[in-house]
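Data block below; observations after.
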Amino acid sequence: MTSVAGHLMETDFLPEFRQWNSCSPLDLFDAAIRKEVKAEGENIRRTLDEQARRHNVLLLWLDCDMEGEAIAYEVIEVCLKANPHMDVFRARFSALIERDIIRAVQNPDRPNKNLNDAVEARQEIDLRIGSAFTRFQTIRLQKRFDSLGKSVISYGPCQFPTLGFVVQRHDDIQKFIAQTFWYLTCEAQFEHPDDPSKSLSLSFSWDRGRLYDRFACFLLYDICMEGKEAIVRKCQERPTSKWKPVPLNTIDFQILASRSLRMSSERAMTVAESLYQRGILSYPRTETNFFKEGFELNALINDHREHSQWGAFARRLLDDGLFEWPRAGGKDDQAHPPIHPTKSVELAALANDEERNVYELVTRHFLACCAKDARGSQTNITIAIPEDGGESFSATGLMVLERNYLDVYSKFDYWKGNKVPKLQVGDKFVPSSLLMKEGTTVPPDPISESDLISAMDKNGIGTDATIAQHIATIQTREYVTKDAQNRFIPTPLGLALVEGYNSMGYQLNKPQLRAAIEADCQRVARGELSKAEAVNRCLATMRACFVTCSKEAEKLDRSMEKYFVTKGKGDPSRYRVIHAAFSACGALPLPSKGDLSPHEHVCPLCSFQVLSVRNRDTGKDHTVCPFCFGNPPAPPLAVEGATDFRCFSCANEDCALASRTAGANIDVAPCPDRQCRGHMRLKKTGKGILMASCSTPNCKAVWWVPKFVKSATPVADRTCGACQQRVGVKVVLIHCKFHLGKGPPGLDPEKTLCPCCDRLWAESGNPAMPTKGVDGVGAGAATLRAAATVVTTGATMHMMTPQAPSTATPAATRSDVDTSSYDAALAGLAIRPTRTPYNPPAPRGPASSSAASFGGGSGIGDVPIGADPNAPLCDCQLPAKFCTVMKDGPNKGRPFYGCVKPRGEGCSFFQWGDLPPGATTGGSRGGGGGGYDGGGSSSAYKSSAGPPPLEEGPPCQCGDSSVCLTVQKEGPNKGRRFYACRKRQGYKEGPNKGRRFYACRKRPGEGKCDFFQWQDQPPMNPPGGGYGGGGGSSGGYGGEPSDFRGCVDSRECPA
């Protein structure tokens, strides 16, 4: 038996990506990552290793929540590495009580991989997004603004929304416009109910509250003044209660500590954990706020019988019948009970006031939740002035009858009585005061820590274990400060960051983005989504967001300039002159290391004089443009997110000092090395010679670009169809410009071609770029041609894979992944939890004749990412994407073809993947029955000859000819033909499935009529009435009008 202390491992990038200047921040979205034991966990790892070698069974007693399951899998990984034959079990329990412990031992479970995957997905998303944005904004802003110094300007998916709540309240205050209002007050003197010799003053509040029109308020006041007397319209007395608190969880504890003890949430958690480690309190990080049946509450209460502060109350709970089982709060993390004292300790025995305050709060809260509710009697009085239907005023009285839990909890809660006179309905009296008063609205206060914690919890920002950490982080980063009232005020840096990203159109400070991430993680935990799908869905959107932010970084600069002084515009004495009157560039940031000297070259991009920089240690020189160094040119001349830009990083073909090729960060083809998982990328040598080398450090794979190629630029959104079809690899096409005098005769000045299989390489006597085939063997152009017979029906082809030590998911593009929820989240829109189908890679469907059009002739093809080159052509004349139905229903798991383009940009092509080309089916995108293409799929296979002639029917009410369909649904009408409007229809289960009908050809919203006629009946109103007629109009999507296979009858419908 042994134990661990939280997470044993951490996820991080490989060492070559951890240095801030080792790669572009954009590369971090795809950089290799790995999970390894933390340095401080090495001793625990050795202990687990020793124990695993001596035992054959591993029973895990970690917390029964997602984090606990993730820690369990870390232990499993270490133990199975030492002893691969161990049998692993998981103990499932919800509380440390005898009944749960015995049940867990008698019924051991297996670890739940879905829960572990959900945690790992969240960790990877946070790592990649946080690292990329942090490096981007830190490096950029530090170089431009003096006052930022060396501080890290971090970004986190939880940290930024936390800042957003503070900034939102600040904006509400700044935008607030005070308004004047008017209201009425009424007071009256009555005989005191307890002492007739005394009077009791009672104030009544106006039921209208307030009016913002002075004249209207004055008219009502004048009516009241004329009436003089008030009459009692209602006097009702009823019992009331003040509920005792629910058991204490972490969120409520932090709110109480902030509100009642004036302690920060982080400090309160630190003190509570110190008391927990000494056995005084239970574990303070829990979401549970109710005690389960069987929890030994009486034993805990009994420990406090003799306590000097609350011992008497504990005795009342046990001896006088004051005990009542605590209310259920409704939250359960299945891991820990609510926070409670584990033993009785005198306050004087604790180390300091903070420990005494925290212990007293937890103990009094525990005893209060075990007591009865406070009970009282409430009297509601309503009067009218004047008595004949005038203005209504109200007053409320309260008499506390039983304080109960308040006797021990009065430090943190109160219930004050308020006496009212004994009145009856119909009583009349003359008010002693009736006034019209003026007031002014006031802005809200800056957000308090308790309100901030509540907002974070409500919006799912952070967990009970991390909320305090996120609040502390935005203070450490100096995004916010606290005022004298313990309320948060955003700093200029916090305001500038939020304003900068908002100006780009992204609401990164809103909670919706984190809500979308958490929603997908919960789907992973339930097994509805894989880890790779969840990560790809988020990163596909955030990568596009990052690219946009990089391109529009000047907007962030302008927001910062509102609050900070740009470098070069401050005190001139802080800067040194390198060369007087050297260039008319003004003061600009320059490299801080190395000796600077003038260079004779002038930058062709900005016309600034270039500087030479010599490294003092190595003696090597490089050049830098003073302007481009802090203001990199736009891609493709510079990579996305470039900082500290030097000439060797430039891809300008017209500059002699530029030595990078455009698209140097784009993976062109898989590395030919069998053992390497890297990819070939184009680059320039110091002498300007083009080559391609592997992206993996220490890999020696290289391809020298023929000398007649003047420049080569990868075309990121175009791939070679021949390579993907024949060998199963994705090769990015490159756009080449040639030296016409050095190349073969008849060479065009420029051309887009495949670097691996284009015949130009063989014609010019040069080798093609090497890559690997399905089996990992290196393959050039000849190998690709020889492997053309590899492709068979149903064959699965491999796409590019991550590096060997990486746990990264394959890179995703927006065309591959449904990112609608994240697109909405970035716009600051609320996310409604819905099932979002995801189309994972699946075995290919039947080969079609259209595949011959790819890779023919010169061997060059253009297959969009996500398309299947073996698939039929869609209406966009592109190979369709092979997908799988994920939605629950009769077609779940069934393969189909759809348009490869993003939803809303492509066509509506649809064809089932398990049927031969041209076959018809009773299904559609909605997963329903028969439909609008004569019983076929919503869009049948398109051959090169085009669709067959349209089969039309009698006119429908739209004035257009209807189409003839067949009922596919099981029942007496199956196989019957009918006429219906040709607008988009679905397929519906029912007795007419498969029956054909005529209907209007127009779509909903385009004037579609209700025309309907069965094909196998003479013209008449159909039994079902309206289009569909019970035959199939509401299930799914029936395809485009041009795809309908209708009857040859071409009568016009009314529309």
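Each chain in the structure tokens gets a letter, A, B, ..., in the order shown, and its residues are numbered from 1; ligands are numbered from 1 in order too.
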
Exercise: stretch 429-438 of chain A partners within 7 Å, only C-alpha atoms, chain neighbours under 3 positions left out, as an mmCIF file with N, CA and C atoms, in the first residue's frame:
data_model
loop_
_atom_site.group_PDB
_atom_site.id
_atom_site.type_symbol
_atom_site.label_atom_id
_atom_site.label_comp_id
_atom_site.auth_asym_id
_atom_site.auth_seq_id
_atom_site.Cartn_x
_atom_site.Cartn_y
_atom_site.Cartn_z
ATOM 1 N N PHE A 181 -34.649 60.321 -10.266
ATOM 2 C CA PHE A 181 -35.975 59.717 -10.121
ATOM 3 C C PHE A 181 -36.666 60.331 -8.906
ATOM 4 N N TRP A 182 -37.964 60.075 -8.811
ATOM 5 C CA TRP A 182 -38.758 60.616 -7.710
ATOM 6 C C TRP A 182 -39.613 59.492 -7.127
ATOM 7 N N TYR A 183 -39.879 59.589 -5.826
ATOM 8 C CA TYR A 183 -40.661 58.536 -5.175
ATOM 9 C C TYR A 183 -41.391 59.139 -3.969
ATOM 10 N N LEU A 184 -42.376 58.377 -3.461
ATOM 11 C CA LEU A 184 -43.181 58.821 -2.326
ATOM 12 C C LEU A 184 -42.832 57.994 -1.090
ATOM 13 N N THR A 185 -42.862 58.646 0.073
ATOM 14 C CA THR A 185 -42.655 57.957 1.350
ATOM 15 C C THR A 185 -43.822 58.285 2.273
ATOM 16 N N CYS A 186 -44.142 57.331 3.127
ATOM 17 C CA CYS A 186 -45.253 57.509 4.062
ATOM 18 C C CYS A 186 -44.865 56.960 5.423
ATOM 19 N N GLU A 187 -45.108 57.718 6.469
ATOM 20 C CA GLU A 187 -44.863 57.271 7.832
ATOM 21 C C GLU A 187 -46.102 57.557 8.674
ATOM 22 N N ALA A 188 -46.253 56.703 9.697
ATOM 23 C CA ALA A 188 -47.407 56.889 10.595
ATOM 24 C C ALA A 188 -47.021 56.464 12.006
ATOM 25 N N GLN A 189 -47.689 57.060 12.995
ATOM 26 C CA GLN A 189 -47.444 56.748 14.404
ATOM 27 C C GLN A 189 -48.609 55.913 14.943
ATOM 28 N N TYR A 221 -48.653 62.370 -6.186
ATOM 29 C CA TYR A 221 -48.450 62.904 -4.834
ATOM 30 C C TYR A 221 -49.590 63.869 -4.469
ATOM 31 N N LYS A 228 -55.742 62.629 2.257
ATOM 32 C CA LYS A 228 -55.422 62.792 3.677
ATOM 33 C C LYS A 228 -55.399 61.465 4.440
ATOM 34 N N GLU A 229 -56.492 60.709 4.457
ATOM 35 C CA GLU A 229 -56.547 59.485 5.253
ATOM 36 C C GLU A 229 -56.062 58.277 4.449
ATOM 37 N N ALA A 230 -55.479 57.288 5.191
ATOM 38 C CA ALA A 230 -55.062 56.019 4.600
ATOM 39 C C ALA A 230 -55.956 54.921 5.146
ATOM 40 N N ILE A 231 -56.207 53.892 4.357
ATOM 41 C CA ILE A 231 -57.033 52.768 4.768
ATOM 42 C C ILE A 231 -56.237 51.471 4.596
#

Among stretch 477-622 of chain A, which residues carry a DSSP assignment of alpha helix (DSSP H), reported as number ranges by chain? A: 492-503, 512-525, 531-551, 553-561

Could you list, as a list of chain:residue names, every residue within 6 Å of stretch 133-144 of chain A, counting only C-alpha atoms and ignoring same-chain residues fewer than 6 positions away?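 Non-adjacent residues within range: A:Val152, A:Ile153, A:Ser154, A:Tyr155, A:Thr566, A:Lys567.
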
Stretch 1-45 of chain A: residues DSSP assigns to strand (DSSP E), reported as number ranges by chain: A: 9-13, 33-37

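Between atom CA of A:Val167 and atom CA of A:Ile461 the separation is 15.6 Å.
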
Do a neighbour search on A:Thr884 at 7 Å with only C-alpha atoms, toss out local chain neighbours closer than 5 positions, and write the hits as a ChimeraX atom specification. /A:839,893-896

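Proximity to A:Gly311 was assessed for A:Ile339, A:Phe295, A:Arg364, A:Phe1012 counting only C-alpha atoms; the smallest distance is recorded for A:Arg364.
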
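For A:Val420, the list of residues within 8 Å, based on only C-alpha atoms and with local chain neighbours fewer than 4 positions off taken out, reads Pro193, Leu200, Leu202, Thr379, Thr396, Gly397 and Leu398 of chain A.
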